[in-house]
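Text of input.txt, listed as compact mmCIF, C-alpha atoms:
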```txt
# COMPACT_ATOMS: atom_id res chain seq x y z
CA MET A 1 -147.13 158.63 136.26
CA ALA A 2 -145.73 156.95 133.20
CA ALA A 3 -143.70 159.30 131.02
CA MET A 4 -143.19 158.45 127.35
CA ARG A 5 -139.76 159.43 126.15
CA ASP A 6 -139.05 160.40 122.58
CA ASP A 7 -137.32 157.03 122.14
CA GLY A 8 -140.59 155.22 122.78
CA PHE A 9 -139.68 153.80 126.19
CA SER A 10 -142.32 154.31 128.87
CA ILE A 11 -140.94 155.04 132.35
CA ASP A 12 -143.27 154.68 135.32
CA SER A 13 -142.04 156.91 138.15
CA THR A 14 -144.79 155.69 140.50
CA ARG A 15 -143.54 152.10 140.73
CA PRO A 16 -140.14 151.13 142.14
CA SER A 17 -137.61 149.63 139.76
CA ILE A 18 -135.00 147.07 140.79
CA ALA A 19 -132.40 148.83 138.65
CA ARG A 20 -133.18 152.27 140.11
CA VAL A 21 -133.19 151.01 143.72
CA TYR A 22 -129.81 149.43 143.07
CA ASP A 23 -128.62 152.71 141.54
CA TYR A 24 -129.77 154.58 144.66
CA LEU A 25 -128.00 152.18 147.00
CA LEU A 26 -124.79 152.68 145.02
CA GLY A 27 -125.12 156.45 145.39
CA GLY A 28 -126.44 157.14 141.89
CA LYS A 29 -128.83 159.90 140.82
CA ASP A 30 -131.01 158.04 138.30
CA ASN A 31 -133.87 157.19 140.62
CA TYR A 32 -137.21 158.50 141.83
CA ALA A 33 -138.75 159.06 145.26
CA VAL A 34 -140.50 155.70 145.09
CA ASP A 35 -137.14 153.98 144.54
CA ARG A 36 -135.54 155.89 147.39
CA GLU A 37 -138.36 154.82 149.71
CA VAL A 38 -137.52 151.18 149.06
CA GLY A 39 -133.79 151.83 149.34
CA ASP A 40 -134.29 153.64 152.63
CA VAL A 41 -135.96 150.55 154.09
CA PHE A 42 -132.65 148.74 153.63
CA THR A 43 -130.47 151.58 154.90
CA ARG A 44 -132.77 152.35 157.85
CA ASP A 45 -134.10 148.96 158.94
CA LEU A 46 -131.23 146.76 157.78
CA PRO A 47 -128.13 148.86 158.46
CA GLY A 48 -125.10 147.58 156.65
CA SER A 49 -127.11 145.89 153.90
CA VAL A 50 -125.90 148.39 151.29
CA ALA A 51 -122.60 146.50 151.43
CA ILE A 52 -124.28 143.84 149.28
CA ALA A 53 -124.54 146.22 146.31
CA PHE A 54 -120.96 147.43 146.59
CA ALA A 55 -119.53 143.94 147.10
CA ASN A 56 -121.38 142.71 144.03
CA ARG A 57 -120.27 145.58 141.81
CA ALA A 58 -116.64 145.20 142.86
CA ALA A 59 -116.69 141.46 142.11
CA LEU A 60 -118.13 142.10 138.63
CA THR A 61 -115.39 144.62 137.93
CA ARG A 62 -112.70 142.16 139.01
CA ALA A 63 -114.23 139.39 136.90
CA VAL A 64 -114.26 141.52 133.74
CA ARG A 65 -110.67 142.56 134.34
CA GLU A 66 -109.66 138.95 135.01
CA ILE A 67 -111.20 137.78 131.75
CA THR A 68 -109.68 140.53 129.61
CA THR A 69 -106.20 140.28 131.12
CA THR A 70 -105.81 136.50 131.37
CA THR A 71 -107.83 135.16 128.42
CA GLY A 72 -108.36 135.96 124.77
CA VAL A 73 -112.09 136.59 125.23
CA ARG A 74 -113.04 139.99 123.85
CA GLN A 75 -116.83 139.87 123.72
CA PHE A 76 -119.26 140.11 126.60
CA ILE A 77 -123.01 139.76 127.11
CA ASP A 78 -124.09 141.52 130.31
CA LEU A 79 -127.53 140.16 131.23
CA GLY A 80 -129.70 142.35 133.45
CA SER A 81 -127.06 145.05 133.25
CA GLY A 82 -128.90 147.74 135.20
CA LEU A 83 -128.26 151.47 135.05
CA PRO A 84 -124.85 152.68 133.88
CA THR A 85 -122.56 153.47 136.79
CA VAL A 86 -118.83 153.78 137.41
CA ASP A 87 -116.77 151.11 135.66
CA ASN A 88 -119.37 149.55 133.41
CA VAL A 89 -118.40 146.28 131.73
CA HIS A 90 -117.29 147.91 128.48
CA GLN A 91 -115.21 150.51 130.31
CA VAL A 92 -113.35 147.90 132.35
CA ALA A 93 -112.87 145.57 129.40
CA GLN A 94 -111.79 148.26 126.94
CA ARG A 95 -109.37 149.72 129.47
CA HIS A 96 -107.37 146.51 129.15
CA ALA A 97 -108.40 145.43 125.64
CA PRO A 98 -109.77 148.33 123.56
CA GLU A 99 -111.20 145.98 120.94
CA SER A 100 -113.61 144.40 123.45
CA ARG A 101 -117.32 144.41 122.52
CA VAL A 102 -120.20 144.41 124.97
CA VAL A 103 -123.92 143.77 124.58
CA TYR A 104 -125.97 145.05 127.51
CA VAL A 105 -129.37 143.44 128.09
CA ASP A 106 -132.17 144.79 130.27
CA ASN A 107 -135.94 145.17 130.20
CA ASP A 108 -136.16 148.27 132.41
CA PRO A 109 -137.20 151.31 130.32
CA HIS A 110 -135.04 153.62 132.42
CA VAL A 111 -132.00 151.45 131.75
CA LEU A 112 -132.74 151.38 128.03
CA VAL A 113 -132.99 155.16 127.83
CA HIS A 114 -129.61 155.60 129.46
CA GLY A 115 -128.21 152.86 127.27
CA ARG A 116 -128.61 155.12 124.25
CA ALA A 117 -125.86 157.31 125.67
CA LEU A 118 -123.54 154.30 125.64
CA LEU A 119 -124.31 153.74 121.97
CA GLU A 120 -123.57 157.34 121.13
CA GLU A 121 -120.16 157.32 122.79
CA ASN A 122 -118.94 153.84 121.93
CA ASP A 123 -119.41 151.89 118.70
CA ARG A 124 -118.43 148.60 120.35
CA THR A 125 -121.46 148.47 122.63
CA ARG A 126 -125.13 147.65 122.03
CA VAL A 127 -128.13 147.75 124.36
CA VAL A 128 -130.75 145.07 123.74
CA PRO A 129 -134.23 145.59 125.19
CA ALA A 130 -135.10 142.09 126.37
CA ASP A 131 -135.91 139.95 129.38
CA VAL A 132 -133.24 137.62 130.75
CA ARG A 133 -135.90 134.90 130.76
CA ASP A 134 -135.93 135.01 126.94
CA PRO A 135 -132.39 133.87 126.13
CA GLU A 136 -133.21 132.87 122.54
CA GLY A 137 -134.73 136.28 121.85
CA ILE A 138 -131.54 137.88 123.15
CA ARG A 139 -129.31 135.48 121.24
CA THR A 140 -131.03 136.19 117.90
CA HIS A 141 -131.62 139.92 118.38
CA PRO A 142 -130.11 141.91 115.47
CA ASP A 143 -128.03 144.07 117.81
CA THR A 144 -126.60 140.98 119.48
CA LEU A 145 -125.74 139.41 116.14
CA ALA A 146 -124.21 142.66 114.92
CA LEU A 147 -121.65 142.62 117.71
CA ILE A 148 -121.19 139.05 118.97
CA ASP A 149 -119.53 136.29 116.95
CA PHE A 150 -120.88 133.07 118.43
CA ASP A 151 -118.18 131.07 116.71
CA ARG A 152 -115.71 132.63 119.12
CA PRO A 153 -115.68 132.46 122.96
CA VAL A 154 -118.02 134.80 124.80
CA ALA A 155 -118.15 135.98 128.41
CA VAL A 156 -121.72 135.74 129.68
CA MET A 157 -122.27 137.84 132.80
CA PHE A 158 -125.12 137.04 135.22
CA SER A 159 -124.38 139.75 137.76
CA ALA A 160 -127.07 139.86 140.48
CA VAL A 161 -129.83 138.86 138.06
CA LEU A 162 -130.61 135.16 138.54
CA HIS A 163 -131.89 135.73 142.07
CA HIS A 164 -134.68 137.77 140.46
CA VAL A 165 -135.74 134.69 138.47
CA ASN A 166 -138.20 132.56 140.43
CA ASP A 167 -137.77 128.80 140.71
CA GLU A 168 -140.72 128.07 138.43
CA GLU A 169 -139.03 130.20 135.74
CA ASP A 170 -136.11 127.76 135.76
CA PRO A 171 -132.98 129.91 136.08
CA ALA A 172 -130.79 126.85 135.46
CA ALA A 173 -132.37 126.44 132.03
CA ILE A 174 -131.44 130.05 131.20
CA VAL A 175 -127.79 129.39 131.99
CA ARG A 176 -127.93 126.05 130.18
CA HIS A 177 -129.29 127.75 127.04
CA TRP A 178 -126.32 130.11 126.94
CA ARG A 179 -123.93 127.28 127.72
CA ASP A 180 -125.19 125.44 124.67
CA GLN A 181 -124.97 128.51 122.43
CA VAL A 182 -121.37 129.51 123.05
CA PRO A 183 -118.19 127.61 122.12
CA SER A 184 -115.59 126.00 124.32
CA GLY A 185 -113.43 128.61 126.04
CA SER A 186 -116.38 130.82 126.95
CA TYR A 187 -116.75 132.16 130.49
CA PHE A 188 -119.73 132.57 132.81
CA PHE A 189 -119.77 134.98 135.74
CA VAL A 190 -122.53 134.62 138.34
CA SER A 191 -123.27 136.60 141.46
CA HIS A 192 -126.31 135.72 143.53
CA PHE A 193 -128.04 136.34 146.85
CA ARG A 194 -127.13 133.55 149.25
CA SER A 195 -129.31 132.06 151.96
CA GLY A 196 -127.85 132.91 155.32
CA ASN A 197 -130.40 131.17 157.53
CA ASN A 198 -130.60 134.26 159.70
CA PRO A 199 -133.12 137.06 160.40
CA GLU A 200 -131.30 139.50 158.10
CA THR A 201 -131.64 137.19 155.12
CA ALA A 202 -135.30 136.54 155.79
CA GLU A 203 -136.15 140.22 156.18
CA ALA A 204 -134.25 141.32 153.07
CA GLU A 205 -135.91 138.56 151.04
CA ARG A 206 -139.34 139.58 152.37
CA ILE A 207 -138.83 143.22 151.37
CA LEU A 208 -137.84 142.33 147.82
CA GLN A 209 -140.70 139.88 147.35
CA GLU A 210 -143.28 142.29 148.74
CA THR A 211 -141.96 145.15 146.62
CA PHE A 212 -141.25 143.43 143.31
CA GLY A 213 -143.08 140.11 143.58
CA ARG A 214 -139.81 138.24 143.11
CA GLY A 215 -136.43 137.72 144.71
CA ARG A 216 -135.12 134.28 145.62
CA TRP A 217 -132.24 133.60 147.99
CA ARG A 218 -130.58 130.26 147.21
CA THR A 219 -128.20 127.94 149.04
CA ASP A 220 -124.59 127.46 148.00
CA GLU A 221 -125.54 124.12 146.46
CA GLU A 222 -128.42 125.63 144.49
CA ILE A 223 -126.24 128.42 143.16
CA GLU A 224 -123.48 126.00 142.17
CA SER A 225 -126.03 123.83 140.37
CA LEU A 226 -126.88 126.78 138.11
CA LEU A 227 -123.45 126.22 136.57
CA ASP A 228 -123.86 122.50 135.90
CA GLY A 229 -121.83 121.39 132.90
CA LEU A 230 -119.26 124.16 133.39
CA GLU A 231 -115.89 124.11 135.11
CA ILE A 232 -116.09 126.35 138.18
CA LEU A 233 -112.75 128.10 138.60
CA ASP A 234 -110.92 128.85 141.85
CA PRO A 235 -111.83 129.91 144.44
CA GLY A 236 -115.28 128.48 143.62
CA ILE A 237 -118.59 130.01 144.68
CA VAL A 238 -117.64 132.26 147.60
CA PRO A 239 -118.81 135.50 149.24
CA ALA A 240 -118.25 138.24 146.67
CA PRO A 241 -115.54 140.10 148.64
CA LEU A 242 -113.53 136.87 148.77
CA TRP A 243 -113.69 136.25 145.03
CA ARG A 244 -110.14 137.07 143.91
CA PRO A 245 -110.02 140.15 146.15
CA GLU A 246 -107.75 143.12 145.89
CA PRO A 247 -105.19 143.47 148.68
CA VAL A 248 -106.82 145.67 151.30
CA ASP A 249 -106.07 147.07 154.70
CA GLY A 250 -108.41 146.15 157.52
CA PRO A 251 -109.33 143.44 159.99
CA TRP A 252 -108.32 139.91 159.11
CA SER A 253 -109.26 136.58 160.58
CA ALA A 254 -106.79 134.01 161.81
CA GLY A 255 -107.16 132.22 158.51
CA GLY A 256 -105.85 135.23 156.61
CA GLU A 257 -109.19 136.35 155.22
CA ARG A 258 -110.77 139.71 155.99
CA GLU A 259 -113.58 139.39 158.48
CA LEU A 260 -116.82 139.86 156.56
CA THR A 261 -120.06 141.35 157.80
CA VAL A 262 -123.23 139.26 157.72
CA TRP A 263 -124.30 141.28 154.67
CA GLU A 264 -121.10 140.69 152.73
CA ARG A 265 -121.72 136.98 153.16
CA LEU A 266 -125.16 137.24 151.57
CA ILE A 267 -123.89 137.85 148.03
CA VAL A 268 -121.67 135.22 146.44
CA ALA A 269 -119.77 135.20 143.16
CA GLY A 270 -118.12 132.68 140.91
CA LEU A 271 -116.53 132.31 137.49
CA ALA A 272 -116.90 129.21 135.34
CA ARG A 273 -115.54 128.11 131.97
CA LYS A 274 -116.98 125.95 129.23
CA VAL A 275 -114.58 123.17 128.32
CA GLY A 276 -114.84 120.41 125.77
```
Can you present the structure in this file as structure tokens?
Amino acid sequence: MAAMRDDGFSIDSTRPSIARVYDYLLGGKDNYAVDREVGDVFTRDLPGSVAIAFANRAALTRAVREITTTTGVRQFIDLGSGLPTVDNVHQVAQRHAPESRVVYVDNDPHVLVHGRALLEENDRTRVVPADVRDPEGIRTHPDTLALIDFDRPVAVMFSAVLHHVNDEEDPAAIVRHWRDQVPSGSYFFVSHFRSGNNPETAEAERILQETFGRGRWRTDEEIESLLDGLEILDPGIVPAPLWRPEPVDGPWSAGGERELTVWERLIVAGLARKVG
């Protein structure tokens, strides 16, 4: 049933939520039985697939740290931010640069409710209730304008969100809109489900589409094209665990890279910069 919170957000506990399923896969507690049923399909029928969620989250954390420690960018827009978890964007950024400001954007009522807690504990964060497919509405939202100075470089984070935008909704146009709105020196982080041309990819894609009516795996070339007009930084668009990884112990290939599972290869990440 749909429960109306005192903040006006309606939460439907009978329908699975992408954000809550993701929370469950990461070991969180902010989910319902219907979300756990979907998550259990992955853990039961596609063993090892949970690695996708952890690989993605770790890459996002590294990207935020990279931006705050190697550039002067101190403002972030996290699109499709999902439920708060360990090392949210503002926590990572402010750990290295306390003056960093973060606008979180999501259209999931459960996410928005929890976002209020962020506002209460940190005056350099805002949570904007909006759909990633409405970039202009996000850009002109009062809470965005209260925190983000669009005359200065911005880090725009598309962490595991564009693969939920169908082709006919033109995800490239969403990125292009933000590219045109921010000044030179801005950064764009993207992580995205990657076509693997294997049974695991096809089954995972089928589950998401049947459950949520959306979910689009894309090829390396399609993902790279989302960043047209931007300079893609080293090491390019690569499996998330290989995007500027931390030194780790474990099996390594002859080429010096850790041997990845089929699942770890199904989520890629990349960082790009606007120049000129």
### Query
Could you tell me, as a ChimeraX atom specification, which residues have any atom at most 12 Å from (-116.1, 139.7, 125.7), counting only C-alpha atoms?
/A:63-69,71-78,89-94,96-104,124-125,147-150,152-157,182,185-189
If you take every atom of region 74-88 of chain A that the file lists and fit an axis-aligned box around them with 5 Å extra on each side, what centre and edge lengths come out in Å to one decimal, as lines of an AutoDock Vina configuration file?
```
center_x = -121.4
center_y = 146.8
center_z = 130.6
size_x = 26.7
size_y = 24.0
size_z = 23.7
```
### Query
Restricting the calculation to only C-alpha atoms, which member of A:Trp217, A:Phe158, A:Phe54, A:Phe193 is positioned closest to Asp106 (chain A)?
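Comparing A:Trp217, A:Phe158, A:Phe54, A:Phe193 against Asp106 (chain A), the winner is A:Phe158.
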### Task
Quick one: residues within 6 Å of (-136.4, 145.6, 129.2) (file frame), counting all atoms listed in the file, please, as a VMD selection string.
chain A and resid 106 to 109 129 to 131
### Message
Residues within 10 Å of Pro47 (chain A), please, as a list in words. Count only C-alpha atoms; anything in the same chain fewer than 6 positions from it doesn't count.
### Response
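With the cut-off at 10 Å, the set is Asp40, Val41, Glu200 and Trp263 of chain A.
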### Task
Please provide the set of residues having any atom within 9 Å of Asp35 (chain A), restricted to all atoms listed in the file, with same-chain residues fewer than 6 positions apart removed, written as a ChimeraX atom specification.
/A:13-18,20-22,24
### Summary
The distance between CA of Arg273 (chain A) and CA of Leu226 (chain A) is 13.0 Å
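Reported to one decimal place, the separation of CA of Arg179 (chain A) from CA of Val275 (chain A) is 10.2 Å.
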### Task
Pick out the closest residue to Val50 (chain A) from this set: A:Asp23, A:Ala272, A:Thr219, A:Asn166. Count all atoms listed in the file.
A:Asp23
### Message
Report, in Å with one decimal, the straight-line distance from CA of Val38 (chain A) to CA of Glu203 (chain A).
### Response
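Calculated distance between CA of Val38 (chain A) and CA of Glu203 (chain A) is 13.1 Å.
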### Message
Here is a test: counting only C-alpha atoms, which residue of A:Val111, A:Leu145, A:Val175, A:Ala55 is nearest to Val238 (chain A)?
### Response
A:Ala55
### Task
For each of A:Ser225, A:Thr201, A:Ser184, A:Thr211, take the minimum atom-to-atom distance to Asp170 (chain A), counting all atoms listed in the file, then give the residue where this is smallest.
A:Ser225
### Message
Please determine, counting only C-alpha atoms, which residue among A:Pro235, A:Gly229, A:Gly196, A:Gly39 has the shortest atom-to-atom distance to Ala19 (chain A).
### Response
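Counting only C-alpha atoms, the residue closest to Ala19 (chain A) is A:Gly39.
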### Task
Give me the residues within 8 Å of Glu264 (chain A) as a PyMOL selection string, counting all atoms listed in the file and dropping any in the same chain fewer than 6 places off.
chain A and resi 51-52+55+239-241
Because the input lacks atoms here, generate N, CA and C atoms for region 236-247 of chain A and report them as a PDB file, in the coordinates of the input.
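As a result, part_0.pdb now contains:
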```
ATOM      1  N   GLY A 236    -113.960 129.066 143.532  1.00  0.00           N
ATOM      2  CA  GLY A 236    -115.280 128.480 143.620  1.00  0.00           C
ATOM      3  C   GLY A 236    -116.366 129.531 143.817  1.00  0.00           C
ATOM      4  N   ILE A 237    -117.500 129.090 144.361  1.00  0.00           N
ATOM      5  CA  ILE A 237    -118.590 130.010 144.680  1.00  0.00           C
ATOM      6  C   ILE A 237    -118.379 130.470 146.115  1.00  0.00           C
ATOM      7  N   VAL A 238    -118.016 131.740 146.280  1.00  0.00           N
ATOM      8  CA  VAL A 238    -117.640 132.260 147.600  1.00  0.00           C
ATOM      9  C   VAL A 238    -118.268 133.639 147.795  1.00  0.00           C
ATOM     10  N   PRO A 239    -118.338 134.134 149.041  1.00  0.00           N
ATOM     11  CA  PRO A 239    -118.810 135.500 149.240  1.00  0.00           C
ATOM     12  C   PRO A 239    -118.070 136.470 148.321  1.00  0.00           C
ATOM     13  N   ALA A 240    -118.814 137.384 147.717  1.00  0.00           N
ATOM     14  CA  ALA A 240    -118.250 138.240 146.670  1.00  0.00           C
ATOM     15  C   ALA A 240    -116.942 138.933 147.073  1.00  0.00           C
ATOM     16  N   PRO A 241    -116.818 139.452 148.305  1.00  0.00           N
ATOM     17  CA  PRO A 241    -115.540 140.100 148.640  1.00  0.00           C
ATOM     18  C   PRO A 241    -114.351 139.152 148.646  1.00  0.00           C
ATOM     19  N   LEU A 242    -114.616 137.842 148.742  1.00  0.00           N
ATOM     20  CA  LEU A 242    -113.530 136.870 148.770  1.00  0.00           C
ATOM     21  C   LEU A 242    -113.231 136.279 147.398  1.00  0.00           C
ATOM     22  N   TRP A 243    -113.969 136.749 146.371  1.00  0.00           N
ATOM     23  CA  TRP A 243    -113.690 136.250 145.030  1.00  0.00           C
ATOM     24  C   TRP A 243    -112.548 137.063 144.428  1.00  0.00           C
ATOM     25  N   ARG A 244    -111.364 136.449 144.445  1.00  0.00           N
ATOM     26  CA  ARG A 244    -110.140 137.070 143.910  1.00  0.00           C
ATOM     27  C   ARG A 244    -110.021 138.533 144.335  1.00  0.00           C
ATOM     28  N   PRO A 245    -109.976 138.773 145.645  1.00  0.00           N
ATOM     29  CA  PRO A 245    -110.020 140.150 146.150  1.00  0.00           C
ATOM     30  C   PRO A 245    -108.744 140.926 145.902  1.00  0.00           C
ATOM     31  N   GLU A 246    -108.904 142.241 145.927  1.00  0.00           N
ATOM     32  CA  GLU A 246    -107.750 143.120 145.890  1.00  0.00           C
ATOM     33  C   GLU A 246    -107.112 143.115 147.278  1.00  0.00           C
ATOM     34  N   PRO A 247    -105.800 143.307 147.356  1.00  0.00           N
ATOM     35  CA  PRO A 247    -105.190 143.470 148.680  1.00  0.00           C
ATOM     36  C   PRO A 247    -105.767 144.712 149.357  1.00  0.00           C
TER      37      PRO A 247
END
```
